[in-house]
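Reproduced below: run_17.tsv, with TSV, C-alpha atoms.
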```
chain	number	residue	atom	x	y	z
A	1	MET	CA	91.55	87.25	98.54
A	2	PRO	CA	92.72	85.02	101.38
A	3	SER	CA	93.99	86.51	104.59
A	4	HIS	CA	97.67	86.39	105.36
A	5	HIS	CA	97.85	85.24	108.96
A	6	PRO	CA	99.69	81.92	109.00
A	7	THR	CA	98.44	80.77	112.36
A	8	SER	CA	96.23	81.99	115.15
A	9	ARG	CA	99.36	82.93	117.05
A	10	PRO	CA	100.26	86.61	117.25
A	11	GLY	CA	103.29	88.00	115.54
A	12	ARG	CA	103.04	87.81	111.77
A	13	THR	CA	102.30	90.97	109.88
A	14	SER	CA	99.68	90.68	107.18
A	15	ARG	CA	101.12	91.91	103.89
A	16	ARG	CA	97.58	91.98	102.53
A	17	ALA	CA	95.95	93.64	105.54
A	18	PRO	CA	95.41	97.04	103.83
A	19	LEU	CA	93.86	95.32	100.80
A	20	LEU	CA	91.57	93.32	103.08
A	21	ALA	CA	90.60	96.58	104.75
A	22	VAL	CA	89.63	97.93	101.34
A	23	LEU	CA	87.60	94.85	100.58
A	24	ALA	CA	85.94	95.09	103.96
A	25	ALA	CA	85.09	98.72	103.29
A	26	THR	CA	83.54	97.64	100.02
A	27	VAL	CA	81.27	95.27	101.86
A	28	VAL	CA	80.35	97.78	104.56
A	29	THR	CA	79.67	100.68	102.20
A	30	GLY	CA	77.96	98.76	99.57
A	31	ALA	CA	86.88	97.09	100.09
A	32	LEU	CA	110.92	96.22	96.30
A	33	VAL	CA	112.84	93.71	94.97
A	34	LEU	CA	114.93	95.56	93.08
A	35	ALA	CA	116.80	93.63	90.43
A	36	GLY	CA	120.46	94.33	89.89
A	37	PRO	CA	123.42	94.20	92.27
A	38	PRO	CA	122.44	92.61	95.58
A	39	GLY	CA	122.05	95.07	98.42
A	40	GLY	CA	122.05	98.15	96.23
A	41	PRO	CA	122.67	101.45	98.03
A	42	MET	CA	119.99	102.85	100.25
A	43	ALA	CA	119.94	106.14	102.07
A	44	SER	CA	119.91	106.82	105.77
A	45	ALA	CA	117.22	108.70	107.66
A	46	ALA	CA	117.53	111.05	110.57
A	47	SER	CA	114.06	112.22	111.47
A	48	ALA	CA	110.47	111.40	110.63
A	49	THR	CA	107.96	113.53	108.79
A	50	LYS	CA	105.27	115.02	110.95
A	51	PRO	CA	102.05	112.98	111.13
A	52	GLY	CA	99.63	113.94	108.42
A	53	ALA	CA	102.29	115.30	106.09
A	54	VAL	CA	101.93	112.42	103.65
A	55	GLY	CA	100.02	113.44	100.55
A	56	THR	CA	101.11	117.09	100.67
A	57	SER	CA	102.80	118.75	97.74
A	58	GLY	CA	105.72	116.77	96.35
A	59	ALA	CA	107.50	120.05	95.58
A	60	ALA	CA	107.97	120.78	99.27
A	61	ALA	CA	111.52	119.75	99.99
A	62	SER	CA	112.52	118.72	103.48
A	63	ARG	CA	115.55	119.91	105.29
A	64	ALA	CA	118.52	117.55	105.42
A	65	GLY	CA	117.86	114.48	107.48
A	66	GLN	CA	114.10	114.35	107.00
A	67	TRP	CA	111.78	112.17	104.98
A	68	GLN	CA	110.05	113.87	102.07
A	69	PRO	CA	106.38	113.10	101.31
A	70	LEU	CA	105.49	113.04	97.61
A	71	THR	CA	102.10	113.32	95.98
A	72	VAL	CA	100.80	110.22	94.20
A	73	PRO	CA	97.96	110.11	91.62
A	74	VAL	CA	95.79	107.81	93.74
A	75	ALA	CA	93.47	109.54	96.19
A	76	LYS	CA	92.21	106.44	97.96
A	77	GLY	CA	93.54	102.92	97.96
A	78	ASP	CA	96.84	101.25	98.79
A	79	LEU	CA	100.41	101.14	97.47
A	80	THR	CA	101.96	97.73	98.09
A	81	ALA	CA	105.42	97.76	96.51
A	82	VAL	CA	108.06	100.11	95.11
A	83	ALA	CA	111.33	99.56	93.22
A	84	ALA	CA	113.88	101.86	91.58
A	85	LEU	CA	116.50	101.76	88.86
A	86	SER	CA	117.92	105.24	89.52
A	87	ASP	CA	117.05	108.61	91.06
A	88	SER	CA	114.89	109.37	88.05
A	89	ARG	CA	113.34	105.95	87.39
A	90	ALA	CA	111.18	104.18	89.95
A	91	TRP	CA	107.91	102.24	89.92
A	92	ALA	CA	105.19	101.48	92.44
A	93	VAL	CA	102.15	99.22	92.26
A	94	GLY	CA	98.96	99.10	94.25
A	95	TYR	CA	95.23	99.75	94.08
A	96	ARG	CA	92.83	102.58	93.53
A	97	LEU	CA	89.43	102.44	95.20
A	98	LYS	CA	87.29	103.58	92.28
A	99	SER	CA	83.95	103.20	94.03
A	100	ALA	CA	82.38	101.53	97.02
A	101	THR	CA	82.48	98.23	95.14
A	102	GLN	CA	85.35	98.48	92.66
A	103	LEU	CA	89.14	98.27	92.90
A	104	GLU	CA	91.61	99.02	90.10
A	105	ALA	CA	95.19	97.75	90.14
A	106	VAL	CA	97.64	100.41	88.95
A	107	ALA	CA	101.33	100.92	88.21
A	108	LEU	CA	102.90	104.31	88.93
A	109	ARG	CA	106.18	105.69	87.61
A	110	TRP	CA	108.60	108.28	89.02
A	111	ASP	CA	110.39	110.38	86.38
A	112	GLY	CA	112.70	112.25	88.71
A	113	THR	CA	110.20	115.01	89.34
A	114	SER	CA	106.80	113.49	90.09
A	115	TRP	CA	104.77	110.30	90.29
A	116	SER	CA	102.26	109.58	87.53
A	117	GLN	CA	100.17	106.58	86.56
A	118	GLU	CA	101.94	104.62	83.85
A	119	SER	CA	99.39	101.86	83.37
A	120	THR	CA	96.52	99.81	84.70
A	121	LEU	CA	97.36	96.24	85.62
A	122	PRO	CA	95.33	93.27	84.36
A	123	ALA	CA	92.07	92.61	86.20
A	124	ASN	CA	92.35	90.49	89.34
A	125	SER	CA	96.14	90.80	89.48
A	126	PHE	CA	96.14	92.28	93.02
A	127	PRO	CA	99.88	93.13	93.01
A	128	GLN	CA	101.74	92.56	96.29
A	129	ALA	CA	105.39	92.59	95.21
A	130	LEU	CA	107.50	94.13	92.48
A	131	ALA	CA	110.82	93.33	90.75
A	132	VAL	CA	112.33	95.77	88.27
A	133	ARG	CA	115.23	94.55	86.14
A	134	SER	CA	114.85	97.25	83.50
A	135	ALA	CA	112.20	99.64	82.21
A	136	THR	CA	111.07	96.87	79.86
A	137	ASP	CA	111.38	93.94	82.27
A	138	ILE	CA	109.15	94.33	85.32
A	139	TRP	CA	107.39	91.60	87.29
A	140	THR	CA	104.60	91.96	89.79
A	141	VAL	CA	102.96	89.12	91.70
A	142	GLY	CA	99.91	88.80	93.93
A	143	SER	CA	96.74	86.96	93.01
A	144	ALA	CA	98.44	86.46	89.65
A	145	SER	CA	101.78	87.19	88.02
A	146	ALA	CA	102.09	89.90	85.41
A	147	HIS	CA	104.99	91.13	83.29
A	148	TRP	CA	105.56	94.60	81.82
A	149	ASN	CA	107.55	94.78	78.57
A	150	GLY	CA	107.64	98.56	78.39
A	151	SER	CA	104.30	99.00	76.68
A	152	ALA	CA	101.84	96.42	78.03
A	153	TRP	CA	101.20	94.00	80.87
A	154	THR	CA	100.83	90.28	80.19
A	155	THR	CA	99.44	87.86	82.74
A	156	TYR	CA	101.19	84.50	83.10
A	157	ARG	CA	99.65	81.58	84.90
A	158	LEU	CA	101.65	80.13	87.76
A	159	ASP	CA	102.41	76.42	87.67
A	160	ARG	CA	99.94	74.12	89.39
A	161	ASP	CA	100.84	72.99	92.89
A	162	PRO	CA	99.45	69.77	94.39
A	163	ALA	CA	99.22	71.52	97.77
A	164	GLY	CA	96.58	73.92	96.43
A	165	ASN	CA	96.23	77.49	95.24
A	166	VAL	CA	99.56	79.33	94.99
A	167	VAL	CA	99.64	82.73	96.68
A	168	PRO	CA	102.93	84.51	95.86
A	169	ASP	CA	104.23	87.09	98.30
A	170	ALA	CA	107.59	88.19	96.84
A	171	VAL	CA	109.45	88.22	93.54
A	172	ALA	CA	113.06	88.78	92.44
A	173	THR	CA	115.02	88.49	89.22
A	174	ALA	CA	118.53	87.25	88.45
A	175	SER	CA	121.11	88.75	86.11
A	176	ASP	CA	120.22	86.19	83.44
A	177	GLY	CA	116.55	87.20	83.46
A	178	THR	CA	115.36	84.27	85.54
A	179	ALA	CA	112.64	85.28	87.96
A	180	TRP	CA	111.76	83.72	91.29
A	181	THR	CA	108.54	84.07	93.23
A	182	VAL	CA	107.89	82.71	96.70
A	183	GLY	CA	104.84	82.43	98.91
A	184	ARG	CA	102.60	79.56	99.92
A	185	ALA	CA	100.24	76.99	98.45
A	186	MET	CA	97.03	76.20	100.31
A	187	ALA	CA	94.03	74.00	99.77
A	188	ARG	CA	91.47	75.40	102.22
A	189	SER	CA	92.86	78.04	104.57
A	190	VAL	CA	96.03	79.87	105.54
A	191	LYS	CA	96.67	77.41	108.34
A	192	ASP	CA	96.93	74.62	105.74
A	193	GLY	CA	99.48	76.53	103.66
A	194	VAL	CA	102.91	75.16	102.79
A	195	PRO	CA	105.92	77.09	101.44
A	196	ALA	CA	105.95	77.46	97.66
A	197	VAL	CA	108.62	78.57	95.18
A	198	GLN	CA	108.33	78.96	91.41
A	199	SER	CA	110.88	80.01	88.80
A	200	TRP	CA	110.45	81.70	85.42
A	201	ASP	CA	112.55	80.28	82.58
A	202	GLY	CA	111.69	82.90	79.98
A	203	THR	CA	108.59	81.10	78.80
A	204	SER	CA	106.64	79.82	81.79
A	205	TRP	CA	106.61	79.39	85.56
A	206	HIS	CA	107.75	76.09	87.06
A	207	ARG	CA	107.04	74.77	90.55
A	208	GLN	CA	110.13	73.98	92.59
A	209	SER	CA	110.50	70.90	94.76
A	210	LEU	CA	111.14	71.96	98.36
A	211	PRO	CA	112.21	70.09	101.49
A	212	ASN	CA	109.31	69.10	103.71
A	213	VAL	CA	109.15	71.75	106.42
A	214	GLY	CA	105.51	71.22	107.32
A	215	LYS	CA	103.03	74.07	107.22
A	216	GLY	CA	104.43	77.51	106.57
A	217	GLU	CA	105.05	80.30	104.10
A	218	LEU	CA	107.81	82.26	102.39
A	219	SER	CA	107.66	86.05	102.52
A	220	ALA	CA	110.91	87.21	100.89
A	221	VAL	CA	113.48	86.19	98.29
A	222	THR	CA	116.89	87.53	97.26
A	223	VAL	CA	119.13	86.50	94.36
A	224	VAL	CA	122.92	86.46	94.71
A	225	ALA	CA	123.40	84.63	91.39
A	226	PRO	CA	121.34	82.28	89.22
A	227	ASP	CA	122.71	79.38	91.31
A	228	ASP	CA	122.57	81.17	94.68
A	229	VAL	CA	119.10	82.17	95.87
A	230	TRP	CA	117.74	82.60	99.40
A	231	ALA	CA	114.10	82.60	100.56
A	232	ALA	CA	112.86	83.53	104.03
A	233	GLY	CA	109.61	83.13	105.92
A	234	ALA	CA	108.10	81.07	108.72
A	235	ALA	CA	107.44	77.44	109.58
A	236	TYR	CA	104.14	77.27	111.42
A	237	ALA	CA	103.83	75.72	114.83
A	238	ALA	CA	103.14	71.98	114.63
A	239	ASP	CA	100.88	72.16	117.70
A	240	ASP	CA	99.91	74.46	120.56
A	241	THR	CA	102.97	73.48	122.59
A	242	SER	CA	105.64	74.26	119.97
A	243	PRO	CA	106.64	77.68	118.62
A	244	GLN	CA	106.46	79.04	115.11
A	245	THR	CA	110.03	79.29	113.78
A	246	ALA	CA	111.93	81.42	111.28
A	247	LEU	CA	112.43	79.63	107.95
A	248	LEU	CA	115.37	79.91	105.55
A	249	LEU	CA	115.69	78.00	102.28
A	250	HIS	CA	118.64	78.05	99.86
A	251	TRP	CA	118.93	77.24	96.14
A	252	ASP	CA	122.38	76.07	95.03
A	253	GLY	CA	121.57	75.70	91.35
A	254	SER	CA	120.29	72.15	91.61
A	255	SER	CA	118.03	71.88	94.66
A	256	TRP	CA	116.46	73.76	97.56
A	257	LYS	CA	117.64	72.95	101.08
A	258	ARG	CA	116.55	74.16	104.48
A	259	VAL	CA	119.17	76.00	106.50
A	260	THR	CA	118.75	76.35	110.24
A	261	ALA	CA	117.63	79.86	111.19
A	262	PRO	CA	118.60	81.27	114.58
A	263	GLY	CA	116.06	82.93	116.86
A	264	PRO	CA	114.95	83.30	120.48
A	265	GLN	CA	114.57	79.91	122.15
A	266	GLY	CA	110.96	78.96	122.79
A	267	ALA	CA	109.52	82.10	121.16
A	268	ASP	CA	107.48	82.41	117.99
A	269	ALA	CA	109.66	83.83	115.21
A	270	TRP	CA	109.34	84.71	111.53
A	271	LEU	CA	111.27	86.45	108.77
A	272	GLY	CA	109.71	89.02	106.45
A	273	GLY	CA	112.60	90.51	104.48
A	274	ILE	CA	115.99	89.45	103.14
A	275	THR	CA	118.81	91.08	101.16
A	276	ALA	CA	122.11	89.79	99.81
A	277	LEU	CA	125.00	92.24	99.97
A	278	ALA	CA	127.38	89.48	98.84
A	279	ALA	CA	127.43	85.70	98.79
A	280	ASP	CA	128.87	85.77	102.30
A	281	ASP	CA	127.01	88.83	103.61
A	282	ILE	CA	123.26	88.33	103.78
A	283	TRP	CA	120.75	89.81	106.20
A	284	ALA	CA	117.21	88.66	106.98
A	285	VAL	CA	114.80	90.49	109.26
A	286	GLY	CA	111.45	89.80	110.87
A	287	GLY	CA	110.22	89.52	114.41
A	288	SER	CA	109.65	87.31	117.40
A	289	THR	CA	107.04	87.19	120.10
A	290	ASP	CA	107.02	85.74	123.58
A	291	ALA	CA	104.07	85.98	125.95
A	292	GLY	CA	102.39	88.36	123.53
A	293	ALA	CA	105.26	90.86	123.35
A	294	GLU	CA	106.79	91.44	119.91
A	295	ARG	CA	110.28	92.67	119.08
A	296	PRO	CA	112.54	92.94	116.00
A	297	LEU	CA	114.58	89.99	114.76
A	298	ALA	CA	117.69	90.27	112.56
A	299	VAL	CA	119.91	87.38	111.44
A	300	HIS	CA	123.10	87.36	109.38
A	301	TRP	CA	124.84	84.89	107.04
A	302	ASN	CA	128.63	85.08	106.83
A	303	GLY	CA	129.03	82.39	104.20
A	304	THR	CA	129.23	79.61	106.77
A	305	ALA	CA	126.46	80.04	109.31
A	306	TRP	CA	123.49	82.20	110.29
A	307	THR	CA	123.69	84.05	113.61
A	308	GLU	CA	121.23	86.27	115.42
A	309	ALA	CA	122.16	89.93	115.84
A	310	GLU	CA	121.17	91.95	118.87
A	311	THR	CA	118.33	94.40	118.16
A	312	PRO	CA	116.71	97.09	120.30
A	313	ASN	CA	113.58	96.09	122.19
A	314	VAL	CA	111.07	98.10	120.14
A	315	PRO	CA	107.38	97.50	120.93
A	316	ASP	CA	105.60	96.10	117.87
A	317	GLY	CA	108.96	96.29	116.11
A	318	ARG	CA	108.33	93.61	113.50
A	319	LEU	CA	110.48	94.16	110.41
A	320	ARG	CA	109.52	93.51	106.78
A	321	ALA	CA	112.43	94.80	104.66
A	322	VAL	CA	116.17	95.37	104.85
A	323	GLY	CA	118.76	97.02	102.60
A	324	LYS	CA	122.06	98.88	102.48
A	325	ALA	CA	122.35	102.64	102.08
A	326	GLY	CA	124.74	104.39	99.77
A	327	ASP	CA	126.83	105.42	102.76
A	328	GLY	CA	127.15	101.78	103.81
A	329	THR	CA	124.56	101.94	106.59
A	330	LEU	CA	122.25	98.96	106.82
A	331	TRP	CA	118.57	99.81	107.35
A	332	ALA	CA	115.50	97.75	108.22
A	333	VAL	CA	111.91	98.99	108.18
A	334	GLY	CA	108.54	97.65	109.25
A	335	GLY	CA	106.17	98.12	112.14
A	336	LYS	CA	102.69	97.09	113.17
A	337	GLY	CA	99.77	98.93	111.64
A	338	ALA	CA	100.09	102.69	112.03
A	339	ALA	CA	103.17	102.30	114.24
A	340	PRO	CA	106.03	102.18	111.72
A	341	VAL	CA	109.57	101.45	112.84
A	342	ALA	CA	113.02	101.85	111.32
A	343	LEU	CA	116.33	100.46	112.55
A	344	ARG	CA	119.84	101.16	111.33
A	345	ARG	CA	123.06	99.30	112.01
A	346	ASP	CA	126.04	101.32	113.14
A	347	ALA	CA	128.97	100.02	111.07
A	348	ARG	CA	131.47	101.11	113.73
A	349	THR	CA	129.85	99.30	116.65
A	350	GLY	CA	128.03	96.61	114.70
A	351	ARG	CA	124.87	97.34	116.69
A	352	TRP	CA	121.33	97.86	115.46
A	353	GLU	CA	119.80	101.11	116.73
A	354	ARG	CA	116.37	102.64	116.49
A	355	ALA	CA	116.04	105.37	113.86
A	356	ALA	CA	113.28	107.76	112.84
A	357	SER	CA	110.47	106.00	111.01
A	358	PRO	CA	109.29	107.14	107.56
A	359	GLY	CA	105.89	108.12	108.95
A	360	LEU	CA	103.60	105.77	107.05
A	361	VAL	CA	102.30	102.22	107.23
A	362	VAL	CA	105.15	100.43	105.46
A	363	ARG	CA	104.08	98.20	102.60
A	364	GLY	CA	106.90	98.56	100.08
A	365	PHE	CA	110.56	99.51	100.27
A	366	SER	CA	113.41	100.03	97.82
A	367	THR	CA	116.98	101.19	97.63
A	368	VAL	CA	118.19	103.25	94.66
A	369	PRO	CA	121.22	101.91	92.76
A	370	GLY	CA	124.12	104.33	92.56
A	371	SER	CA	122.43	106.79	94.89
A	372	ALA	CA	121.85	107.54	98.54
A	373	GLY	CA	118.13	107.43	97.83
A	374	LEU	CA	115.45	105.36	99.52
A	375	TRP	CA	111.77	104.83	98.76
A	376	VAL	CA	109.05	103.63	101.13
A	377	ALA	CA	105.45	103.16	99.99
A	378	GLY	CA	102.26	102.26	101.79
A	379	ILE	CA	99.33	104.09	103.31
A	380	ALA	CA	99.29	107.22	105.44
A	381	GLU	CA	99.18	106.89	109.21
A	382	GLN	CA	96.19	109.23	109.24
A	383	GLY	CA	93.15	109.27	107.01
A	384	ASP	CA	91.08	106.53	105.43
A	385	LEU	CA	93.19	104.43	103.02
A	386	VAL	CA	95.32	107.31	101.75
A	387	PRO	CA	98.17	105.95	99.56
A	388	ALA	CA	101.54	107.40	100.52
A	389	VAL	CA	105.12	107.50	99.26
A	390	MET	CA	108.08	108.82	101.23
A	391	ARG	CA	111.52	109.52	99.82
A	392	TRP	CA	114.81	109.92	101.60
A	393	LYS	CA	117.12	112.00	99.48
A	394	GLY	CA	120.61	112.17	100.95
```
Represent the structure of the file as structure tokens.
Amino acid sequence: MPSHHPTSRPGRTSRRAPLLAVLAATVVTGALVLAGPPGGPMASAASATKPGAVGTSGAAASRAGQWQPLTVPVAKGDLTAVAALSDSRAWAVGYRLKSATQLEAVALRWDGTSWSQESTLPANSFPQALAVRSATDIWTVGSASAHWNGSAWTTYRLDRDPAGNVVPDAVATASDGTAWTVGRAMARSVKDGVPAVQSWDGTSWHRQSLPNVGKGELSAVTVVAPDDVWAAGAAYAADDTSPQTALLLHWDGSSWKRVTAPGPQGADAWLGGITALAADDIWAVGGSTDAGAERPLAVHWNGTAWTEAETPNVPDGRLRAVGKAGDGTLWAVGGKGAAPVALRRDARTGRWERAASPGLVVRGFSTVPGSAGLWVAGIAEQGDLVPAVMRWKG
């Protein structure tokens, strides 16, 4: 598996870092795009779970305003993505460390009461992202793309890219069943990567022609409509004197175009998550770094232009996902390593404020349609590769 650092510059979070840690452990020891209405409801959070609580009994309910840890049927490994259709139907994908030298990709399912393993993914699929349109229409992408039809997984080969091997990092589906996956294509190393987008037409994946933005990658995608799709990521620095910049691309039904992304002048910037609440109400989040100091970055599209929103100066506050709660509150989550962070936007003041973190290394995130629920998946802050899921139940 290739690493996920786009340049030698600091700032970008590695989506695959926990997997690489597993692979490294193997060597040493002998290792949320939810389909449906854009910006589906997501719950708010008021306080974090105590460190070490992840992995305790899922029956232990938290008092109002707290995150609830739930038991998962994977003792050691990594959960990389989570997506929900309702309070009683959610899925997560990730890896189980079966032995010192063997990983197994798995799909878990929430039935409203507990998490259980629904299936084992195809070998070498290494899932990194998940899109759930229905219980019989689920996509996961990583080292490969795989589709679940309700009873079995089928692997589909991505289209060839002249820039090199395609490494998808996010996936989303449209109301008509079209799927989009974004990431990068690279010939030799991450530094040589260029943004890559592919679409699924019901039969096969097709490479999309993109504007020339130089080296870079796409980390997130959101679908407003089949002819209105946004992708976000980073354009790598052209040289040591220029900064890495946030990257936004838009599909209008006929072609992809680059749209100028705002960000701190002269600072490295990137985007890791994006959500469409409406065609004229889209949020993208990520981070920026200047002189080695990182802070959150949030930008907004009003249908005409993107503008940067003020965010609190949170150390290591890089953001990787964003979504809207059932009460209308906008939330963004992320963090660096075992220092998770959560922000929420006060609708009355229009300001982003720091909120209690979910208490795990954030890898996956999902809202719950028609509910004030929220799921966050990843690995526990404490312990050695302990998969963790936290639920906010409003």
Which residues are close to A:Thr140, i.e. within 9 Å by only C-alpha atoms, leaving aside same-chain residues fewer than 2 positions away? Reply as a list of chain:residue names.
A:Ala81, A:Val93, A:Ser125, A:Pro127, A:Gln128, A:Ala129, A:Leu130, A:Ala131, A:Val132, A:Ile138, A:Gly142, A:Ala144, A:Ser145, A:Ala146, A:His147, A:Trp148, A:Ala170, A:Val171
Given the point (102.6, 108.6, 112.1) in the file's coordinates, find the residues that have an atom at most 7 Å from it, counting only C-alpha atoms, and give them as a JSON list (two decimals) with C-alpha atoms, in the coordinates of the input.
```json
[["chain", "number", "residue", "atom", "x", "y", "z"],
["A", 51, "PRO", "CA", 102.05, 112.98, 111.13],
["A", 338, "ALA", "CA", 100.09, 102.69, 112.03],
["A", 339, "ALA", "CA", 103.17, 102.30, 114.24],
["A", 359, "GLY", "CA", 105.89, 108.12, 108.95],
["A", 360, "LEU", "CA", 103.60, 105.77, 107.05],
["A", 381, "GLU", "CA", 99.18, 106.89, 109.21]]
```
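Reported to one decimal place, the separation of atom CA of A:Ala284 from atom CA of A:Val299 is 5.4 Å.
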Taking the point (101.0, 104.6, 101.1) as given in the file, collect each protein or nucleic acid residue that comes within 7 Å of it, counting only C-alpha atoms, and present the set as a PDB file with C-alpha atoms, keeping the file's coordinate frame.
```pdb
ATOM      1  CA  ASP A  78      96.840 101.250  98.790  1.00  0.00           C
ATOM      2  CA  LEU A  79     100.410 101.140  97.470  1.00  0.00           C
ATOM      3  CA  LEU A 360     103.600 105.770 107.050  1.00  0.00           C
ATOM      4  CA  VAL A 361     102.300 102.220 107.230  1.00  0.00           C
ATOM      5  CA  ALA A 377     105.450 103.160  99.990  1.00  0.00           C
ATOM      6  CA  GLY A 378     102.260 102.260 101.790  1.00  0.00           C
ATOM      7  CA  ILE A 379      99.330 104.090 103.310  1.00  0.00           C
ATOM      8  CA  ALA A 380      99.290 107.220 105.440  1.00  0.00           C
ATOM      9  CA  VAL A 386      95.320 107.310 101.750  1.00  0.00           C
ATOM     10  CA  PRO A 387      98.170 105.950  99.560  1.00  0.00           C
ATOM     11  CA  ALA A 388     101.540 107.400 100.520  1.00  0.00           C
ATOM     12  CA  VAL A 389     105.120 107.500  99.260  1.00  0.00           C
TER      13      VAL A 389
END
```
Tell me, counting all atoms listed in the file, for each residue of stretch 289-361 of chain A within 12 Å of stretch 256-270 of chain A, which pair of atoms is nearest and how far apart they are in Å to one decimal, in rows ordered by chain and increasing number, as a tab-separated table.
```
residue	atom	partner	partner_atom	distance
A:Thr289	CA	A:Asp268	CA	5.2
A:Asp290	CA	A:Ala267	CA	5.0
A:Ala291	CA	A:Ala267	CA	8.2
A:Gly292	CA	A:Asp268	CA	9.6
A:Ala293	CA	A:Ala267	CA	10.0
A:Glu294	CA	A:Asp268	CA	9.3
A:Arg295	CA	A:Ala269	CA	9.7
A:Pro296	CA	A:Ala269	CA	9.6
A:Leu297	CA	A:Gly263	CA	7.5
A:Ala298	CA	A:Gly263	CA	8.7
A:Val299	CA	A:Pro262	CA	7.0
A:His300	CA	A:Pro262	CA	9.2
A:Trp301	CA	A:Ala261	CA	9.7
A:Gly303	CA	A:Val259	CA	12.0
A:Thr304	CA	A:Val259	CA	10.7
A:Ala305	CA	A:Thr260	CA	8.6
A:Trp306	CA	A:Ala261	CA	6.4
A:Thr307	CA	A:Pro262	CA	5.9
A:Glu308	CA	A:Pro262	CA	5.7
A:Ala309	CA	A:Gly263	CA	9.3
A:Glu310	CA	A:Gly263	CA	10.6
A:Thr311	CA	A:Gly263	CA	11.8
A:Arg318	CA	A:Trp270	CA	9.2
A:Leu319	CA	A:Trp270	CA	9.6
A:Arg320	CA	A:Trp270	CA	10.0
```
I'd like the neighbourhood of A:Asp169 as number ranges by chain, where a residue qualifies if any of its atoms comes within 6 Å (using only C-alpha atoms), though same-chain residues fewer than 5 positions away should be ignored.
A: 182-183, 219
Report the distance between atom CA of A:Asp201 and atom CA of A:Val167 in Å, rounded to one decimal place.
19.3 Å
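The spacing separating atom CA of A:Ser99 from atom CA of A:Thr80 amounts to 19.3 Å.
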Would you pick out the contacts of A:Glu118 at 6 Å or less, using all atoms listed in the file, so that residues sharing its chain but fewer than 4 positions from it are not included, and give the list as number ranges by chain?
A: 107-109
Please list as a ChimeraX atom specification every residue within 8 Å of A:Arg89, counting only C-alpha atoms and excluding residues in the same chain fewer than 5 positions away.
/A:84,109-112
Have a look at A:Thr367, A:Ser357, A:Thr120, A:Ser288 and name the one nearest to A:Leu330; count all atoms listed in the file.
A:Thr367
Give me the residues within 6 Å of A:Trp230 as an MDAnalysis selection string, counting all atoms listed in the file and dropping any in the same chain fewer than 6 places off.
chainID A and resid 221:222 249:250
Selected residues written out, C-alpha atoms, as a CSV table (one decimal), in the frame of the given file:
```csv
chain,number,residue,atom,x,y,z
A,221,VAL,CA,113.5,86.2,98.3
A,222,THR,CA,116.9,87.5,97.3
A,249,LEU,CA,115.7,78.0,102.3
A,250,HIS,CA,118.6,78.0,99.9
```
Rank nothing, just name the residue among A:Leu121, A:Ala325, A:Ala152, A:Ala332 nearest to A:Trp392, using only C-alpha atoms.
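Ranking A:Leu121, A:Ala325, A:Ala152, A:Ala332 by distance to A:Trp392, first place goes to A:Ala325.
Using all atoms listed in the file, the smallest distance between any of A:Asp280, A:Trp352, A:Lys191, A:Gly150 and A:Val314 comes from A:Trp352.
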Using only C-alpha atoms, which of the listed residues (A:Val229, A:Met390, A:Val341, A:Val285) sits closest to A:Val72?
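Of the candidates, the smallest distance to A:Val72 is held by A:Met390.
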Repair of stretch 116-123 of chain A at the level of N, CA, C and O atoms, as a PDB file, in the coordinates of the input:
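What ended up in out.pdb:
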```pdb
ATOM      1  N   SER A 116     103.426 109.582  88.409  1.00  0.00           N
ATOM      2  CA  SER A 116     102.260 109.580  87.530  1.00  0.00           C
ATOM      3  C   SER A 116     101.841 108.131  87.284  1.00  0.00           C
ATOM      4  O   SER A 116     102.630 107.208  87.494  1.00  0.00           O
ATOM      5  N   GLN A 117     100.617 107.943  86.861  1.00  0.00           N
ATOM      6  CA  GLN A 117     100.170 106.580  86.560  1.00  0.00           C
ATOM      7  C   GLN A 117     100.675 106.183  85.183  1.00  0.00           C
ATOM      8  O   GLN A 117     100.390 106.842  84.182  1.00  0.00           O
ATOM      9  N   GLU A 118     101.432 105.110  85.132  1.00  0.00           N
ATOM     10  CA  GLU A 118     101.940 104.620  83.850  1.00  0.00           C
ATOM     11  C   GLU A 118     100.962 103.682  83.182  1.00  0.00           C
ATOM     12  O   GLU A 118     100.828 103.675  81.962  1.00  0.00           O
ATOM     13  N   SER A 119     100.267 102.863  83.977  1.00  0.00           N
ATOM     14  CA  SER A 119      99.390 101.860  83.370  1.00  0.00           C
ATOM     15  C   SER A 119      98.400 101.328  84.388  1.00  0.00           C
ATOM     16  O   SER A 119      98.505 101.586  85.591  1.00  0.00           O
ATOM     17  N   THR A 120      97.454 100.578  83.870  1.00  0.00           N
ATOM     18  CA  THR A 120      96.520  99.810  84.700  1.00  0.00           C
ATOM     19  C   THR A 120      96.879  98.346  84.559  1.00  0.00           C
ATOM     20  O   THR A 120      97.066  97.855  83.442  1.00  0.00           O
ATOM     21  N   LEU A 121      96.991  97.650  85.664  1.00  0.00           N
ATOM     22  CA  LEU A 121      97.360  96.240  85.620  1.00  0.00           C
ATOM     23  C   LEU A 121      96.162  95.386  85.196  1.00  0.00           C
ATOM     24  O   LEU A 121      95.012  95.817  85.303  1.00  0.00           O
ATOM     25  N   PRO A 122      96.432  94.153  84.745  1.00  0.00           N
ATOM     26  CA  PRO A 122      95.330  93.270  84.360  1.00  0.00           C
ATOM     27  C   PRO A 122      94.356  93.063  85.518  1.00  0.00           C
ATOM     28  O   PRO A 122      94.734  93.103  86.689  1.00  0.00           O
ATOM     29  N   ALA A 123      93.098  92.846  85.186  1.00  0.00           N
ATOM     30  CA  ALA A 123      92.070  92.610  86.200  1.00  0.00           C
ATOM     31  C   ALA A 123      92.435  91.426  87.071  1.00  0.00           C
ATOM     32  O   ALA A 123      93.013  90.445  86.608  1.00  0.00           O
TER      33      ALA A 123
END
```
